[in-house]
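Colleague: Below you'll find query.txt; it's compact mmCIF, C-alpha atoms.
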```
# COMPACT_ATOMS: atom_id res chain seq x y z
CA MET A 1030 -8.77 -17.28 13.82
CA LYS A 1031 -8.01 -13.65 14.69
CA ASP A 1032 -9.76 -10.94 12.65
CA SER A 1033 -6.42 -9.75 11.24
CA HIS A 1034 -5.58 -13.28 10.10
CA LYS A 1035 -9.03 -13.73 8.56
CA LEU A 1036 -8.57 -10.47 6.63
CA ILE A 1037 -5.27 -11.55 5.06
CA ILE A 1038 -6.53 -15.07 4.33
CA ASP A 1039 -9.61 -13.59 2.61
CA ASN A 1040 -7.29 -11.33 0.57
CA VAL A 1041 -5.11 -14.26 -0.53
CA SER A 1042 -8.14 -16.49 -1.18
CA ARG A 1043 -9.38 -14.14 -3.89
CA PHE A 1044 -6.59 -15.52 -6.08
CA ILE A 1045 -5.59 -18.95 -4.77
CA ASP A 1046 -7.33 -21.75 -2.86
CA LEU A 1047 -5.71 -22.78 0.40
CA THR A 1048 -6.21 -25.80 2.60
CA GLU A 1049 -6.63 -25.21 6.34
CA LEU A 1050 -3.08 -26.48 6.87
CA GLU A 1051 -1.72 -24.03 4.26
CA LYS A 1052 -3.61 -21.16 5.89
CA GLN A 1053 -2.10 -22.01 9.27
CA LYS A 1054 1.40 -22.30 7.77
CA TYR A 1055 1.07 -18.91 6.09
CA ILE A 1056 -0.16 -17.24 9.27
CA SER A 1057 2.76 -18.78 11.19
CA LEU A 1058 5.19 -16.99 8.84
CA LEU A 1059 3.72 -13.54 9.48
CA THR A 1060 4.86 -10.97 12.02
CA GLU A 1061 2.42 -8.57 13.70
CA VAL A 1062 3.52 -4.93 13.60
CA LYS A 1063 1.94 -1.87 15.21
CA VAL A 1064 2.75 1.67 14.13
CA LYS A 1065 1.54 4.76 15.95
CA ARG A 1066 0.14 7.74 14.05
CA ARG A 1067 2.94 9.90 12.62
CA ALA A 1068 5.54 7.15 13.18
CA TYR A 1069 7.56 5.64 10.36
CA LEU A 1070 7.14 2.06 9.29
CA MET A 1071 10.14 2.51 7.01
CA GLN A 1072 12.48 5.33 5.98
CA ALA A 1073 14.45 6.08 2.83
CA GLY A 1074 17.92 4.58 2.94
CA GLU A 1075 16.78 1.43 4.75
CA ILE A 1076 16.59 -1.95 3.08
CA THR A 1077 13.01 -3.18 3.12
CA LYS A 1078 12.91 -6.28 5.28
CA TYR A 1079 9.17 -7.01 5.07
CA GLU A 1080 6.22 -6.85 2.72
CA TYR A 1081 3.23 -5.59 4.72
CA PHE A 1082 -0.51 -6.16 4.72
CA ILE A 1083 -2.60 -3.55 6.54
CA THR A 1084 -5.22 -4.92 8.94
CA LYS A 1085 -6.05 -1.59 10.58
CA GLY A 1086 -5.18 2.04 9.92
CA CYS A 1087 -3.81 4.17 7.11
CA LEU A 1088 -0.27 4.74 5.85
CA LYS A 1089 1.29 6.83 3.12
CA ALA A 1090 4.33 6.00 0.97
CA TYR A 1091 6.31 8.91 -0.40
CA THR A 1092 9.63 10.25 -1.61
CA LEU A 1093 11.16 13.67 -1.02
CA ASP A 1094 12.40 15.87 -3.85
CA VAL A 1095 15.60 17.97 -3.63
CA ASP A 1096 13.64 20.74 -1.88
CA GLY A 1097 12.26 18.32 0.72
CA VAL A 1098 8.74 18.39 -0.74
CA PRO A 1099 6.94 15.04 -0.31
CA HIS A 1100 5.56 13.29 -3.36
CA ILE A 1101 3.06 10.67 -2.21
CA SER A 1102 2.89 7.58 -4.37
CA MET A 1103 0.21 5.69 -2.46
CA PHE A 1104 -2.04 5.45 0.55
CA ALA A 1105 -2.67 2.05 2.10
CA VAL A 1106 -5.61 1.16 4.33
CA GLU A 1107 -7.17 -2.06 5.55
CA ASP A 1108 -6.94 -4.91 3.03
CA TYR A 1109 -4.08 -3.21 1.13
CA TRP A 1110 -0.43 -4.21 0.79
CA THR A 1111 2.47 -1.80 1.21
CA GLY A 1112 6.25 -1.76 1.20
CA ASP A 1113 8.97 -1.25 -1.38
CA ILE A 1114 9.05 -4.41 -3.48
CA ALA A 1115 12.18 -3.28 -5.36
CA SER A 1116 14.15 -2.91 -2.12
CA PHE A 1117 12.62 -6.10 -0.70
CA ILE A 1118 13.66 -8.20 -3.71
CA THR A 1119 17.02 -6.59 -4.57
CA LYS A 1120 18.09 -5.86 -0.96
CA GLN A 1121 19.03 -2.34 -2.06
CA PRO A 1122 18.19 0.75 0.04
CA SER A 1123 14.71 2.14 -0.47
CA ARG A 1124 13.95 5.66 -1.69
CA TYR A 1125 10.61 5.62 0.11
CA PHE A 1126 9.30 6.69 3.46
CA ILE A 1127 6.23 4.88 4.75
CA LYS A 1128 4.51 6.74 7.56
CA ALA A 1129 1.33 6.00 9.51
CA THR A 1130 -1.36 8.66 9.21
CA GLU A 1131 -3.46 6.74 11.76
CA ASP A 1132 -2.56 4.21 14.44
CA SER A 1133 -2.02 1.13 12.28
CA GLU A 1134 -1.68 -2.62 12.57
CA LEU A 1135 -0.01 -4.73 9.93
CA LEU A 1136 1.10 -8.26 9.17
CA GLY A 1137 4.56 -8.52 7.66
CA ILE A 1138 6.38 -11.31 5.89
CA SER A 1139 10.17 -11.27 6.03
CA ARG A 1140 12.33 -12.07 3.03
CA ALA A 1141 13.43 -15.37 4.61
CA ASN A 1142 9.81 -16.40 5.30
CA TYR A 1143 8.75 -15.21 1.83
CA ASP A 1144 11.32 -17.55 0.25
CA LEU A 1145 10.34 -20.37 2.62
CA LEU A 1146 6.66 -19.84 1.73
CA PHE A 1147 7.39 -20.38 -1.98
CA GLN A 1148 9.30 -23.58 -1.20
CA GLU A 1149 6.64 -25.00 1.09
CA ILE A 1150 3.48 -23.75 -0.66
CA PRO A 1151 4.43 -23.07 -4.32
CA LYS A 1152 0.94 -21.76 -5.19
CA PHE A 1153 1.87 -18.57 -3.29
CA GLU A 1154 4.14 -17.69 -6.22
CA ARG A 1155 0.93 -17.29 -8.25
CA PHE A 1156 -0.61 -15.09 -5.54
CA TYR A 1157 2.37 -12.75 -5.32
CA ARG A 1158 2.72 -12.65 -9.13
CA ILE A 1159 -0.90 -11.50 -9.40
CA LEU A 1160 -0.37 -9.01 -6.57
CA TYR A 1161 2.69 -7.50 -8.31
CA GLN A 1162 0.99 -7.48 -11.72
CA ARG A 1163 -1.96 -5.57 -10.29
CA SER A 1164 0.44 -3.17 -8.57
CA LEU A 1165 2.28 -2.56 -11.84
CA ILE A 1166 -0.97 -1.94 -13.71
CA SER A 1167 -2.04 0.55 -11.03
CA TYR A 1168 1.34 2.30 -11.24
CA ILE A 1169 1.12 2.58 -15.06
CA ARG A 1170 -2.42 3.98 -14.87
CA ARG A 1171 -1.37 6.50 -12.23
CA SER A 1172 1.60 7.59 -14.35
CA ASN A 1173 -0.64 8.00 -17.40
CA HIS A 1174 -3.18 10.01 -15.38
CA GLY A 1175 -0.38 12.29 -14.19
CA ILE A 1176 0.43 13.05 -17.81
CA SER A 1177 -3.01 13.09 -19.40
CA LEU A 1178 -5.42 14.39 -16.73
CA THR A 1179 -5.73 17.80 -15.15
CA ALA A 1180 -5.29 18.11 -11.38
CA GLU A 1181 -9.06 18.45 -11.04
CA GLU A 1182 -9.63 15.28 -13.05
CA ARG A 1183 -7.01 13.42 -10.97
CA TYR A 1184 -8.83 14.49 -7.79
CA ILE A 1185 -12.22 13.36 -9.14
CA GLU A 1186 -10.68 10.05 -10.22
CA PHE A 1187 -9.13 9.58 -6.76
CA LYS A 1188 -12.47 10.24 -5.04
CA LYS A 1189 -14.19 7.69 -7.31
CA LYS A 1190 -11.52 5.03 -7.00
CA TYR A 1191 -10.78 5.45 -3.27
CA PRO A 1192 -13.94 6.65 -1.51
CA ASN A 1193 -12.81 4.81 1.63
CA ILE A 1194 -9.55 6.81 1.76
CA VAL A 1195 -10.43 10.37 0.73
CA ASN A 1196 -11.94 11.31 4.11
CA ARG A 1197 -9.12 9.70 6.09
CA ILE A 1198 -6.25 11.80 4.79
CA THR A 1199 -5.29 15.44 5.10
CA GLN A 1200 -5.79 17.92 2.30
CA LYS A 1201 -2.01 18.48 2.34
CA ASP A 1202 -1.35 14.75 1.81
CA LEU A 1203 -3.98 14.63 -0.92
CA ALA A 1204 -2.20 17.53 -2.65
CA GLY A 1205 1.08 15.59 -2.37
CA TYR A 1206 -0.58 12.63 -4.07
CA ILE A 1207 -2.26 14.68 -6.81
CA GLY A 1208 0.98 16.59 -7.40
CA ILE A 1209 -0.12 20.15 -6.61
CA THR A 1210 0.19 22.67 -3.80
CA PRO A 1211 -2.18 22.46 -0.83
CA GLU A 1212 -3.57 25.89 -1.77
CA PHE A 1213 -4.45 24.74 -5.28
CA MET A 1214 -5.91 21.54 -3.80
CA SER A 1215 -8.20 23.65 -1.62
CA LYS A 1216 -9.49 25.52 -4.70
CA ILE A 1217 -10.11 22.26 -6.59
CA ILE A 1218 -12.00 20.71 -3.66
CA SER A 1219 -14.18 23.82 -3.34
CA LYS A 1220 -14.91 23.82 -7.06
CA VAL A 1221 -15.73 20.10 -7.23
CA ASN A 1222 -17.95 20.30 -4.13
CA ARG A 1223 -19.96 23.09 -5.81
CA MET A 1224 -20.58 20.98 -8.92
```
Could you write out this structure as structure tokens?
Modeller:
Amino acid sequence: MKDSHKLIIDNVSRFIDLTELEKQKYISLLTEVKVKRRAYLMQAGEITKYEYFITKGCLKAYTLDVDGVPHISMFAVEDYWTGDIASFITKQPSRYFIKATEDSELLGISRANYDLLFQEIPKFERFYRILYQRSLISYIRRSNHGISLTAEERYIEFKKKYPNIVNRITQKDLAGYIGITPEFMSKIISKVNRM
């Protein structure tokens, strides 16, 4: 089994038990995708055709405000999922851009294969339900932190929660995630590093 396939099977196996036959069936439904650094995996206005699992690299998902300023909603690295589930499920255009910040490799499942997977291996409905529940919980926590924590506290929380990401992204992208200007981000980083 390829390393990328082992990584996704290990991810799925945290929540459901699969037979060898089920593992092989799942892998057969996945598409390998490579995205070069600074290239788009997906752009706003497109209908999301795949849900993606990252096997190598780093990507960022973001929207643009009316002034063209990016607001980053998430970073995704190895062993993370990314995409726009709302667009994927409803077949409506996405509001998100997903761009590689490093050369990246992903495994994608198309909507047709996603539906086929549920028919052929129903236990995957449990896996994806858990995946989406965890995503929703993370989104709610992030929204609450945006309201209740200072920018400095949000940065400290990010460093604690994502130590494997903080050194892989630019200060400008980190500022876009925290919701502040890059200049203010620089001041916060300096202050926290002196603590």
Colleague: Smallest atom-to-atom distance to Ser1057 (chain A): which of A:Thr1092, A:Thr1130, A:Thr1084, A:Asn1142, using all atoms listed in the file?
Modeller: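 So, comparing all the options, the nearest one is A:Asn1142.
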Colleague: Using only C-alpha atoms for the distances, tell me which of A:Asp1096, A:Asp1108, A:His1034, A:Phe1126 is nearest to Asn1193 (chain A).
Modeller: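 So, comparing all the options, the nearest one is A:Asp1108.
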Colleague: Calculate how many Å separate CA of Phe1104 (chain A) from CA of Lys1089 (chain A), rounding to one decimal.
Modeller: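 About the pair CA of Phe1104 (chain A) and CA of Lys1089 (chain A): they are 4.4 Å apart.
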Colleague: So which residues touch Ile1207 (chain A) within 10 Å, counting only C-alpha atoms, skipping near sequence neighbours fewer than 6 positions away, as a list in words?
Modeller: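 The residues satisfying every condition are His1100, Ile1101, Ser1102, Arg1171, His1174, Gly1175, Thr1179, Ala1180, Glu1181, Glu1182, Arg1183, Tyr1184, Phe1187, Lys1201 and Met1214 of chain A.
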Colleague: Output as JSON lines one row per residue of region 1074-1187 of chain A within 12 Å of region 1194-1197 of chain A: the closest atom pair and its distance in Å to one decimal place, counting only C-alpha atoms, sorted by chain and residue number ascending.
Modeller:
```
{"residue": "A:Gly1086", "atom": "CA", "partner": "A:Arg1197", "partner_atom": "CA", "distance": 9.4}
{"residue": "A:Cys1087", "atom": "CA", "partner": "A:Arg1197", "partner_atom": "CA", "distance": 7.7}
{"residue": "A:Leu1088", "atom": "CA", "partner": "A:Arg1197", "partner_atom": "CA", "distance": 10.1}
{"residue": "A:Lys1089", "atom": "CA", "partner": "A:Ile1194", "partner_atom": "CA", "distance": 10.9}
{"residue": "A:Met1103", "atom": "CA", "partner": "A:Ile1194", "partner_atom": "CA", "distance": 10.7}
{"residue": "A:Phe1104", "atom": "CA", "partner": "A:Ile1194", "partner_atom": "CA", "distance": 7.7}
{"residue": "A:Ala1105", "atom": "CA", "partner": "A:Ile1194", "partner_atom": "CA", "distance": 8.4}
{"residue": "A:Val1106", "atom": "CA", "partner": "A:Ile1194", "partner_atom": "CA", "distance": 7.4}
{"residue": "A:Glu1107", "atom": "CA", "partner": "A:Ile1194", "partner_atom": "CA", "distance": 9.9}
{"residue": "A:Tyr1109", "atom": "CA", "partner": "A:Ile1194", "partner_atom": "CA", "distance": 11.4}
{"residue": "A:Ala1129", "atom": "CA", "partner": "A:Arg1197", "partner_atom": "CA", "distance": 11.6}
{"residue": "A:Thr1130", "atom": "CA", "partner": "A:Arg1197", "partner_atom": "CA", "distance": 8.4}
{"residue": "A:Glu1131", "atom": "CA", "partner": "A:Arg1197", "partner_atom": "CA", "distance": 8.5}
{"residue": "A:Asp1132", "atom": "CA", "partner": "A:Arg1197", "partner_atom": "CA", "distance": 12.0}
{"residue": "A:Tyr1184", "atom": "CA", "partner": "A:Val1195", "partner_atom": "CA", "distance": 9.6}
{"residue": "A:Ile1185", "atom": "CA", "partner": "A:Val1195", "partner_atom": "CA", "distance": 10.5}
{"residue": "A:Glu1186", "atom": "CA", "partner": "A:Val1195", "partner_atom": "CA", "distance": 11.0}
{"residue": "A:Phe1187", "atom": "CA", "partner": "A:Val1195", "partner_atom": "CA", "distance": 7.6}
```
Colleague: What is the distance, in Å and to one decimal place, between CA of Leu1058 (chain A) and CA of Ile1127 (chain A)?
Modeller: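 About the pair CA of Leu1058 (chain A) and CA of Ile1127 (chain A): they are 22.3 Å apart.
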Colleague: What lies within 7 Å of region 1133-1137 of chain A using only C-alpha atoms, ignoring chain neighbours under 3 positions off, as a count of residues only?
Modeller: 17
Colleague: Taking 3 positions as the minimum chain separation for residues in the same chain, which residues sit within 12 Å of Ser1215 (chain A) when counting only C-alpha atoms? Answer as a PDB file with C-alpha atoms, keeping the file's coordinate frame.
Modeller:
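Below you can see around39.pdb, which holds the result:
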```
ATOM      1  CA  ALA A1180      -5.290  18.110 -11.380  1.00  0.00           C
ATOM      2  CA  GLU A1181      -9.060  18.450 -11.040  1.00  0.00           C
ATOM      3  CA  TYR A1184      -8.830  14.490  -7.790  1.00  0.00           C
ATOM      4  CA  THR A1199      -5.290  15.440   5.100  1.00  0.00           C
ATOM      5  CA  GLN A1200      -5.790  17.920   2.300  1.00  0.00           C
ATOM      6  CA  LYS A1201      -2.010  18.480   2.340  1.00  0.00           C
ATOM      7  CA  ASP A1202      -1.350  14.750   1.810  1.00  0.00           C
ATOM      8  CA  LEU A1203      -3.980  14.630  -0.920  1.00  0.00           C
ATOM      9  CA  ALA A1204      -2.200  17.530  -2.650  1.00  0.00           C
ATOM     10  CA  ILE A1207      -2.260  14.680  -6.810  1.00  0.00           C
ATOM     11  CA  ILE A1209      -0.120  20.150  -6.610  1.00  0.00           C
ATOM     12  CA  THR A1210       0.190  22.670  -3.800  1.00  0.00           C
ATOM     13  CA  PRO A1211      -2.180  22.460  -0.830  1.00  0.00           C
ATOM     14  CA  GLU A1212      -3.570  25.890  -1.770  1.00  0.00           C
ATOM     15  CA  ILE A1218     -12.000  20.710  -3.660  1.00  0.00           C
ATOM     16  CA  SER A1219     -14.180  23.820  -3.340  1.00  0.00           C
ATOM     17  CA  LYS A1220     -14.910  23.820  -7.060  1.00  0.00           C
ATOM     18  CA  VAL A1221     -15.730  20.100  -7.230  1.00  0.00           C
ATOM     19  CA  ASN A1222     -17.950  20.300  -4.130  1.00  0.00           C
TER      20      ASN A1222
END
```
Colleague: Just want the 10 Å neighbourhood of Gln1072 (chain A), counted on all atoms listed in the file, with same-chain residues fewer than 3 positions away dropped. Output as a ChimeraX atom specification.
Modeller: /A:1069,1075-1077,1090-1092,1122-1128
